[in-house]
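K.L.:
Sharing query_6.csv here; it has CSV, N, CA and C atoms.
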```
chain,number,residue,atom,x,y,z
A,591,MET,N,-14.6,-38.0,11.6
A,591,MET,CA,-15.7,-37.1,11.5
A,591,MET,C,-15.3,-35.7,11.9
A,592,ALA,N,-15.7,-34.8,11.1
A,592,ALA,CA,-15.3,-33.4,11.3
A,592,ALA,C,-16.2,-32.8,12.4
A,593,THR,N,-15.6,-32.0,13.2
A,593,THR,CA,-16.3,-31.3,14.3
A,593,THR,C,-16.9,-30.0,13.9
A,594,PRO,N,-17.9,-29.6,14.5
A,594,PRO,CA,-18.5,-28.3,14.2
A,594,PRO,C,-17.5,-27.1,14.3
A,595,ASN,N,-16.6,-27.2,15.2
A,595,ASN,CA,-15.5,-26.2,15.4
A,595,ASN,C,-14.7,-26.1,14.1
A,596,PHE,N,-14.4,-27.3,13.5
A,596,PHE,CA,-13.6,-27.3,12.2
A,596,PHE,C,-14.4,-26.5,11.1
A,597,PHE,N,-15.7,-26.7,11.0
A,597,PHE,CA,-16.5,-26.0,10.0
A,597,PHE,C,-16.6,-24.5,10.3
A,598,GLN,N,-16.6,-24.2,11.5
A,598,GLN,CA,-16.6,-22.8,11.9
A,598,GLN,C,-15.3,-22.1,11.5
A,599,GLN,N,-14.2,-22.8,11.8
A,599,GLN,CA,-12.9,-22.3,11.5
A,599,GLN,C,-12.7,-22.2,9.9
A,600,ALA,N,-13.2,-23.2,9.2
A,600,ALA,CA,-13.2,-23.1,7.7
A,600,ALA,C,-14.0,-21.9,7.2
A,601,LYS,N,-15.1,-21.7,7.8
A,601,LYS,CA,-16.0,-20.6,7.4
A,601,LYS,C,-15.2,-19.3,7.7
A,602,GLN,N,-14.6,-19.1,8.9
A,602,GLN,CA,-13.9,-17.9,9.2
A,602,GLN,C,-12.7,-17.7,8.2
A,603,ALA,N,-12.0,-18.8,7.9
A,603,ALA,CA,-10.9,-18.7,6.9
A,603,ALA,C,-11.4,-18.2,5.6
A,604,MET,N,-12.5,-18.7,5.1
A,604,MET,CA,-13.1,-18.3,3.8
A,604,MET,C,-13.5,-16.8,3.9
A,605,GLU,N,-14.1,-16.4,5.0
A,605,GLU,CA,-14.5,-15.0,5.2
A,605,GLU,C,-13.3,-14.1,5.2
A,606,LEU,N,-12.2,-14.5,5.9
A,606,LEU,CA,-11.0,-13.7,5.9
A,606,LEU,C,-10.4,-13.6,4.5
A,607,ARG,N,-10.4,-14.7,3.8
A,607,ARG,CA,-9.9,-14.7,2.4
A,607,ARG,C,-10.7,-13.7,1.5
A,608,SER,N,-12.0,-13.7,1.7
A,608,SER,CA,-12.9,-12.8,0.9
A,608,SER,C,-12.6,-11.4,1.3
A,609,GLN,N,-12.4,-11.1,2.6
A,609,GLN,CA,-12.1,-9.7,3.0
A,609,GLN,C,-10.8,-9.3,2.5
A,610,VAL,N,-9.8,-10.1,2.5
A,610,VAL,CA,-8.4,-9.8,2.0
A,610,VAL,C,-8.5,-9.4,0.5
A,611,LYS,N,-9.2,-10.2,-0.2
A,611,LYS,CA,-9.4,-10.0,-1.7
A,611,LYS,C,-10.1,-8.6,-1.9
A,612,LYS,N,-11.1,-8.3,-1.1
A,612,LYS,CA,-11.8,-7.1,-1.2
A,612,LYS,C,-10.9,-5.9,-0.9
A,613,ILE,N,-10.1,-6.0,0.1
A,613,ILE,CA,-9.2,-4.9,0.5
A,613,ILE,C,-8.1,-4.8,-0.6
A,614,GLN,N,-7.6,-5.9,-1.1
A,614,GLN,CA,-6.6,-5.8,-2.2
A,614,GLN,C,-7.2,-5.0,-3.4
A,615,LYS,N,-8.4,-5.3,-3.8
A,615,LYS,CA,-9.1,-4.6,-4.9
A,615,LYS,C,-9.2,-3.1,-4.5
A,616,GLN,N,-9.5,-2.8,-3.3
A,616,GLN,CA,-9.6,-1.4,-2.9
A,616,GLN,C,-8.3,-0.7,-2.9
A,617,LEU,N,-7.2,-1.4,-2.5
A,617,LEU,CA,-5.9,-0.8,-2.5
A,617,LEU,C,-5.4,-0.5,-3.9
A,618,GLU,N,-5.8,-1.3,-4.9
A,618,GLU,CA,-5.4,-1.0,-6.3
A,618,GLU,C,-5.9,0.3,-6.8
A,619,SER,N,-7.1,0.8,-6.2
A,619,SER,CA,-7.7,2.0,-6.7
A,619,SER,C,-7.3,3.2,-5.8
A,620,GLN,N,-6.7,3.0,-4.6
A,620,GLN,CA,-6.3,4.1,-3.8
A,620,GLN,C,-4.9,4.5,-4.1
A,621,THR,N,-4.7,5.8,-4.0
A,621,THR,CA,-3.4,6.4,-4.3
A,621,THR,C,-2.9,7.3,-3.2
A,622,VAL,N,-1.6,7.4,-3.1
A,622,VAL,CA,-1.0,8.4,-2.2
A,622,VAL,C,0.1,9.1,-2.9
A,623,ASP,N,0.3,10.4,-2.6
A,623,ASP,CA,1.3,11.2,-3.2
A,623,ASP,C,2.4,11.6,-2.3
A,624,PHE,N,3.6,11.7,-2.8
A,624,PHE,CA,4.7,12.2,-2.1
A,624,PHE,C,5.4,13.2,-3.0
A,625,GLU,N,5.5,14.5,-2.6
A,625,GLU,CA,6.1,15.5,-3.4
A,625,GLU,C,7.2,16.2,-2.7
A,626,ASN,N,8.3,16.4,-3.3
A,626,ASN,CA,9.5,17.0,-2.8
A,626,ASN,C,10.4,17.5,-3.9
A,627,ALA,N,10.9,18.7,-3.7
A,627,ALA,CA,11.9,19.3,-4.7
A,627,ALA,C,11.4,19.3,-6.1
A,628,GLY,N,10.1,19.5,-6.3
A,628,GLY,CA,9.5,19.6,-7.7
A,628,GLY,C,9.2,18.3,-8.3
A,629,VAL,N,9.3,17.2,-7.6
A,629,VAL,CA,9.0,15.9,-8.1
A,629,VAL,C,7.9,15.3,-7.3
A,630,LYS,N,6.8,14.9,-8.0
A,630,LYS,CA,5.7,14.3,-7.4
A,630,LYS,C,5.5,12.9,-7.8
A,631,VAL,N,5.4,12.0,-6.9
A,631,VAL,CA,5.2,10.6,-7.2
A,631,VAL,C,3.9,10.1,-6.6
A,632,THR,N,3.1,9.4,-7.4
A,632,THR,CA,1.8,8.9,-7.0
A,632,THR,C,2.0,7.4,-7.0
A,633,ALA,N,1.7,6.8,-5.8
A,633,ALA,CA,1.8,5.3,-5.7
A,633,ALA,C,0.4,4.8,-5.3
A,634,ARG,N,0.2,3.6,-5.8
A,634,ARG,CA,-1.1,2.9,-5.5
A,634,ARG,C,-0.9,2.1,-4.2
A,635,GLY,N,-2.0,1.7,-3.6
A,635,GLY,CA,-2.0,0.9,-2.4
A,635,GLY,C,-1.5,-0.5,-2.7
A,636,ASP,N,-1.5,-0.9,-3.9
A,636,ASP,CA,-0.9,-2.3,-4.2
A,636,ASP,C,0.6,-2.2,-4.5
A,637,LEU,N,1.2,-1.0,-4.1
A,637,LEU,CA,2.6,-0.8,-4.1
A,637,LEU,C,3.2,-0.8,-5.6
A,638,THR,N,2.4,-0.2,-6.5
A,638,THR,CA,2.9,0.1,-7.8
A,638,THR,C,2.9,1.7,-8.0
A,639,VAL,N,3.7,2.2,-8.8
A,639,VAL,CA,3.8,3.6,-9.1
A,639,VAL,C,2.8,3.9,-10.2
A,640,ALA,N,1.9,4.9,-9.9
A,640,ALA,CA,0.9,5.3,-10.9
A,640,ALA,C,1.4,6.4,-11.8
A,641,ALA,N,2.2,7.3,-11.2
A,641,ALA,CA,2.7,8.5,-12.0
A,641,ALA,C,3.9,9.1,-11.3
A,642,ILE,N,4.7,9.8,-12.2
A,642,ILE,CA,5.8,10.6,-11.7
A,642,ILE,C,5.7,11.9,-12.5
A,643,VAL,N,5.6,13.0,-11.8
A,643,VAL,CA,5.5,14.3,-12.5
A,643,VAL,C,6.6,15.2,-12.0
A,644,ILE,N,7.4,15.7,-13.0
A,644,ILE,CA,8.5,16.5,-12.7
A,644,ILE,C,8.3,17.9,-13.2
A,645,LYS,N,8.4,18.9,-12.3
A,645,LYS,CA,8.2,20.3,-12.8
A,645,LYS,C,9.4,20.7,-13.7
A,646,PRO,N,9.1,21.3,-14.8
A,646,PRO,CA,10.2,21.7,-15.7
A,646,PRO,C,11.3,22.5,-15.1
A,647,GLU,N,10.9,23.4,-14.2
A,647,GLU,CA,11.9,24.3,-13.6
A,647,GLU,C,13.0,23.6,-12.8
A,648,VAL,N,12.7,22.3,-12.4
A,648,VAL,CA,13.7,21.6,-11.6
A,648,VAL,C,14.7,20.8,-12.4
A,649,VAL,N,14.5,20.8,-13.7
A,649,VAL,CA,15.4,20.0,-14.6
A,649,VAL,C,16.6,20.9,-15.0
A,650,ASP,N,17.7,20.5,-14.5
A,650,ASP,CA,19.0,21.2,-14.8
A,650,ASP,C,19.9,20.1,-15.4
A,651,ILE,N,20.1,20.2,-16.6
A,651,ILE,CA,20.9,19.2,-17.4
A,651,ILE,C,22.2,18.9,-16.8
A,652,THR,N,22.8,19.9,-16.1
A,652,THR,CA,24.1,19.8,-15.5
A,652,THR,C,24.0,19.1,-14.1
A,653,ARG,N,22.8,18.9,-13.6
A,653,ARG,CA,22.6,18.2,-12.3
A,653,ARG,C,21.6,17.1,-12.3
A,654,LEU,N,21.7,16.3,-13.4
A,654,LEU,CA,20.8,15.2,-13.5
A,654,LEU,C,20.9,14.2,-12.4
A,655,ASP,N,22.1,14.1,-11.8
A,655,ASP,CA,22.3,13.2,-10.7
A,655,ASP,C,21.5,13.5,-9.5
A,656,LYS,N,21.3,14.8,-9.3
A,656,LYS,CA,20.5,15.3,-8.1
A,656,LYS,C,19.0,15.0,-8.4
A,657,LEU,N,18.6,15.2,-9.6
A,657,LEU,CA,17.2,14.9,-10.0
A,657,LEU,C,16.9,13.4,-9.9
A,658,GLU,N,17.9,12.6,-10.3
A,658,GLU,CA,17.7,11.1,-10.2
A,658,GLU,C,17.6,10.7,-8.8
A,659,ARG,N,18.4,11.2,-7.9
A,659,ARG,CA,18.3,10.9,-6.5
A,659,ARG,C,17.0,11.4,-5.9
A,660,THR,N,16.5,12.5,-6.3
A,660,THR,CA,15.2,13.0,-5.8
A,660,THR,C,14.1,12.1,-6.2
A,661,ILE,N,14.1,11.7,-7.5
A,661,ILE,CA,13.1,10.8,-8.0
A,661,ILE,C,13.1,9.4,-7.2
A,662,LEU,N,14.3,8.9,-7.1
A,662,LEU,CA,14.4,7.6,-6.3
A,662,LEU,C,13.9,7.7,-4.9
A,663,ASP,N,14.3,8.8,-4.2
A,663,ASP,CA,13.9,9.0,-2.8
A,663,ASP,C,12.4,9.2,-2.8
A,664,ASN,N,11.8,10.0,-3.7
A,664,ASN,CA,10.4,10.2,-3.6
A,664,ASN,C,9.6,8.9,-4.0
A,665,VAL,N,10.1,8.1,-4.9
A,665,VAL,CA,9.4,6.9,-5.2
A,665,VAL,C,9.4,6.0,-3.9
A,666,ASN,N,10.5,5.8,-3.3
A,666,ASN,CA,10.6,5.0,-2.1
A,666,ASN,C,9.7,5.5,-1.0
A,667,ARG,N,9.6,6.8,-0.8
A,667,ARG,CA,8.8,7.4,0.2
A,667,ARG,C,7.3,7.2,-0.1
A,668,ALA,N,6.9,7.4,-1.3
A,668,ALA,CA,5.5,7.2,-1.7
A,668,ALA,C,5.1,5.7,-1.5
A,669,LEU,N,6.0,4.8,-1.9
A,669,LEU,CA,5.7,3.4,-1.7
A,669,LEU,C,5.6,3.0,-0.3
A,670,LYS,N,6.5,3.6,0.6
A,670,LYS,CA,6.4,3.3,2.0
A,670,LYS,C,5.1,3.8,2.6
A,671,LYS,N,4.7,5.0,2.1
A,671,LYS,CA,3.4,5.6,2.6
A,671,LYS,C,2.2,4.7,2.2
A,672,ALA,N,2.3,4.2,0.9
A,672,ALA,CA,1.2,3.3,0.5
A,672,ALA,C,1.2,2.0,1.2
A,673,LYS,N,2.4,1.5,1.5
A,673,LYS,CA,2.5,0.2,2.3
A,673,LYS,C,2.0,0.4,3.7
A,674,ASP,N,2.3,1.5,4.3
A,674,ASP,CA,1.9,1.8,5.7
A,674,ASP,C,0.3,1.9,5.7
A,675,ASP,N,-0.2,2.6,4.7
A,675,ASP,CA,-1.7,2.7,4.7
A,675,ASP,C,-2.3,1.4,4.5
A,676,ALA,N,-1.8,0.6,3.6
A,676,ALA,CA,-2.3,-0.8,3.3
A,676,ALA,C,-2.2,-1.6,4.6
A,677,SER,N,-1.1,-1.6,5.3
A,677,SER,CA,-1.0,-2.3,6.5
A,677,SER,C,-2.0,-1.9,7.6
A,678,ALA,N,-2.2,-0.6,7.7
A,678,ALA,CA,-3.2,-0.1,8.7
A,678,ALA,C,-4.6,-0.6,8.3
A,679,GLN,N,-4.9,-0.7,7.0
A,679,GLN,CA,-6.3,-1.2,6.6
A,679,GLN,C,-6.4,-2.6,6.9
A,680,MET,N,-5.3,-3.4,6.7
A,680,MET,CA,-5.4,-4.8,6.9
A,680,MET,C,-5.5,-5.1,8.5
A,681,GLN,N,-4.8,-4.3,9.3
A,681,GLN,CA,-4.9,-4.5,10.7
A,681,GLN,C,-6.3,-4.2,11.2
A,682,LYS,N,-6.9,-3.1,10.7
A,682,LYS,CA,-8.2,-2.7,11.1
A,682,LYS,C,-9.2,-3.8,10.7
A,683,MET,N,-9.0,-4.4,9.5
A,683,MET,CA,-9.9,-5.5,9.1
A,683,MET,C,-9.8,-6.7,10.0
A,684,THR,N,-8.6,-7.1,10.3
A,684,THR,CA,-8.4,-8.3,11.2
A,684,THR,C,-9.0,-8.0,12.6
A,685,LYS,N,-8.8,-6.8,13.1
A,685,LYS,CA,-9.3,-6.4,14.4
A,685,LYS,C,-10.9,-6.5,14.4
A,686,GLU,N,-11.5,-6.0,13.3
A,686,GLU,CA,-12.9,-6.0,13.2
A,686,GLU,C,-13.4,-7.5,13.2
A,687,MET,N,-12.6,-8.4,12.6
A,687,MET,CA,-13.0,-9.8,12.5
A,687,MET,C,-12.6,-10.6,13.8
A,688,GLY,N,-12.0,-9.9,14.8
A,688,GLY,CA,-11.7,-10.6,16.0
A,688,GLY,C,-10.4,-11.4,15.8
A,689,LEU,N,-9.6,-11.0,14.9
A,689,LEU,CA,-8.3,-11.7,14.6
A,689,LEU,C,-7.1,-10.9,15.0
A,690,ASP,N,-7.2,-10.1,16.0
A,690,ASP,CA,-6.1,-9.2,16.4
A,690,ASP,C,-4.8,-9.9,16.4
A,691,GLY,N,-3.8,-9.3,16.0
A,691,GLY,CA,-2.4,-9.8,16.0
A,691,GLY,C,-2.1,-10.7,14.8
A,692,LEU,N,-3.1,-11.1,14.0
A,692,LEU,CA,-2.8,-12.0,12.9
A,692,LEU,C,-1.8,-11.4,11.9
A,693,LEU,N,-1.8,-10.1,11.7
A,693,LEU,CA,-0.9,-9.5,10.7
A,693,LEU,C,0.1,-8.6,11.5
A,694,GLY,N,0.4,-9.0,12.7
A,694,GLY,CA,1.5,-8.3,13.4
A,694,GLY,C,0.9,-7.0,14.1
A,695,GLY,N,-0.4,-6.9,14.2
A,695,GLY,CA,-0.9,-5.7,14.9
A,695,GLY,C,-1.1,-5.9,16.3
```
Give the structure from the file, written as structure tokens.

P.N.:
Amino acid sequence: MATPNFFQQAKQAMELRSQVKKIQKQLESQTVDFENAGVKVTARGDLTVAAIVIKPEVVDITRLDKLERTILDNVNRALKKAKDDASAQMQKMTKEMGLDGLLGG
């Protein structure tokens, strides 16, 4: 026979799952930007790249290697920023639900 505590834990797990799905949907619509050296990268909270904008004046056909490195660096920094923001939101949510430390917070 199941105990009332089991049902309470199951209910909490379902609530947590619902909250995680809600936050995941929110993250899909949130964006962060990282801009450096004329290259702007926009990343979504779900860790996908939404856009890359390159100012024409930074394109030097003789230095494409530099532009490629800048793009790569900016993409990685934008994704890190999005990841950090997402992590902070998840930690806040677990703290509000009384589940401190569940996601490493």

K.L.:
List the spatial neighbours of region 647-653 of chain A as a list of chain:residue names - criterion: any atom at most 8 Å away, all atoms listed in the file, same-chain residues fewer than 2 positions off excluded.

P.N.:
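Counting all atoms listed in the file, the residues come to A:Ala627, A:Gly628, A:Val629, A:Ile644, A:Lys645, A:Asp655, A:Lys656, A:Leu657, A:Glu658.
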
K.L.:
Any chance you can output those residues with N, CA and C atoms as an mmCIF file, in the coordinates of the input?

P.N.:
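part_35.cif written:
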```cif
data_model
loop_
_atom_site.group_PDB
_atom_site.id
_atom_site.type_symbol
_atom_site.label_atom_id
_atom_site.label_comp_id
_atom_site.auth_asym_id
_atom_site.auth_seq_id
_atom_site.Cartn_x
_atom_site.Cartn_y
_atom_site.Cartn_z
ATOM 1 N N ALA A 627 10.900 18.700 -3.700
ATOM 2 C CA ALA A 627 11.900 19.300 -4.700
ATOM 3 C C ALA A 627 11.400 19.300 -6.100
ATOM 4 N N GLY A 628 10.100 19.500 -6.300
ATOM 5 C CA GLY A 628 9.500 19.600 -7.700
ATOM 6 C C GLY A 628 9.200 18.300 -8.300
ATOM 7 N N VAL A 629 9.300 17.200 -7.600
ATOM 8 C CA VAL A 629 9.000 15.900 -8.100
ATOM 9 C C VAL A 629 7.900 15.300 -7.300
ATOM 10 N N ILE A 644 7.400 15.700 -13.000
ATOM 11 C CA ILE A 644 8.500 16.500 -12.700
ATOM 12 C C ILE A 644 8.300 17.900 -13.200
ATOM 13 N N LYS A 645 8.400 18.900 -12.300
ATOM 14 C CA LYS A 645 8.200 20.300 -12.800
ATOM 15 C C LYS A 645 9.400 20.700 -13.700
ATOM 16 N N ASP A 655 22.100 14.100 -11.800
ATOM 17 C CA ASP A 655 22.300 13.200 -10.700
ATOM 18 C C ASP A 655 21.500 13.500 -9.500
ATOM 19 N N LYS A 656 21.300 14.800 -9.300
ATOM 20 C CA LYS A 656 20.500 15.300 -8.100
ATOM 21 C C LYS A 656 19.000 15.000 -8.400
ATOM 22 N N LEU A 657 18.600 15.200 -9.600
ATOM 23 C CA LEU A 657 17.200 14.900 -10.000
ATOM 24 C C LEU A 657 16.900 13.400 -9.900
ATOM 25 N N GLU A 658 17.900 12.600 -10.300
ATOM 26 C CA GLU A 658 17.700 11.100 -10.200
ATOM 27 C C GLU A 658 17.600 10.700 -8.800
#
```

K.L.:
Show me the residues close to (-3.6, -4.3, -2.7) - anything with an atom within 8 Å, counting only N, CA and C atoms - and format the list as a VMD selection string.

P.N.:
chain A and resid 610 to 619 634 to 637 676

K.L.:
Report, in Å to a single decimal, how far apart CA of Arg659 (chain A) and atom C of Lys671 (chain A) are.

P.N.:
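Going from atom C of Lys671 (chain A) over to CA of Arg659 (chain A) covers 19.3 Å.
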
K.L.:
Under the rule that only C-alpha atoms are counted, which of A:Arg667, A:Gln679, A:Gln599, A:Met604 is the nearest residue to Phe624 (chain A)?

P.N.:
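Ranked by minimum distance to Phe624 (chain A), first place goes to A:Arg667.
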
K.L.:
Using DSSP on the backbone, list every residue of chain A that comes out as alpha helix (DSSP H), and give them as a PyMOL selection string.

P.N.:
chain A and resi 594-619+654-686

K.L.:
Work out how far atom N of Asn664 (chain A) is from CA of Val643 (chain A), in Å to one decimal.

P.N.:
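Result for CA of Val643 (chain A) versus atom N of Asn664 (chain A): 11.6 Å, one decimal.
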
K.L.:
Between atom C of Arg607 (chain A) and CA of Lys685 (chain A), what distance in Å does the model show, to one decimal?

P.N.:
14.9 Å

K.L.:
Taking the DSSP assignment computed from this structure's backbone, write out as a ChimeraX atom specification all residues of chain A that belong to strand (DSSP E or B).

P.N.:
/A:621-626,629-634,639-644

K.L.:
In file coordinates, which residues lie within 6 Å of (7.8, 8.7, -8.5) using only N, CA and C atoms, given as a short mmCIF file (atom, residue, chain, number, x, y, z; two decimals) with N, CA and C atoms, in the frame of the given file?

P.N.:
```
data_model
loop_
_atom_site.label_atom_id
_atom_site.label_comp_id
_atom_site.auth_asym_id
_atom_site.auth_seq_id
_atom_site.Cartn_x
_atom_site.Cartn_y
_atom_site.Cartn_z
N LYS A 630 6.80 14.90 -8.00
CA LYS A 630 5.70 14.30 -7.40
C LYS A 630 5.50 12.90 -7.80
N VAL A 631 5.40 12.00 -6.90
CA VAL A 631 5.20 10.60 -7.20
C VAL A 631 3.90 10.10 -6.60
N THR A 632 3.10 9.40 -7.40
CA THR A 632 1.80 8.90 -7.00
C THR A 632 2.00 7.40 -7.00
N ALA A 641 2.20 7.30 -11.20
CA ALA A 641 2.70 8.50 -12.00
C ALA A 641 3.90 9.10 -11.30
N ILE A 642 4.70 9.80 -12.20
CA ILE A 642 5.80 10.60 -11.70
C ILE A 642 5.70 11.90 -12.50
N VAL A 643 5.60 13.00 -11.80
CA VAL A 643 5.50 14.30 -12.50
C VAL A 643 6.60 15.20 -12.00
N ILE A 661 14.10 11.70 -7.50
CA ILE A 661 13.10 10.80 -8.00
C ILE A 661 13.10 9.40 -7.20
N ASN A 664 11.80 10.00 -3.70
CA ASN A 664 10.40 10.20 -3.60
C ASN A 664 9.60 8.90 -4.00
N VAL A 665 10.10 8.10 -4.90
CA VAL A 665 9.40 6.90 -5.20
C VAL A 665 9.40 6.00 -3.90
#
```

K.L.:
Out of A:Lys682, A:Met687, A:Ala668, A:Asp675, which residue has the shortest atom-to-atom distance to Val639 (chain A) when counting all atoms listed in the file?

P.N.:
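The closest residue to Val639 (chain A) is A:Ala668.
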
K.L.:
Just checking: using only C-alpha atoms, which residue out of A:Ala672, A:Thr638, A:Gly688, A:Met683 ends up closest to Ser608 (chain A)?

P.N.:
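When distances to Ser608 (chain A) are compared using only C-alpha atoms, the smallest one comes from A:Met683.
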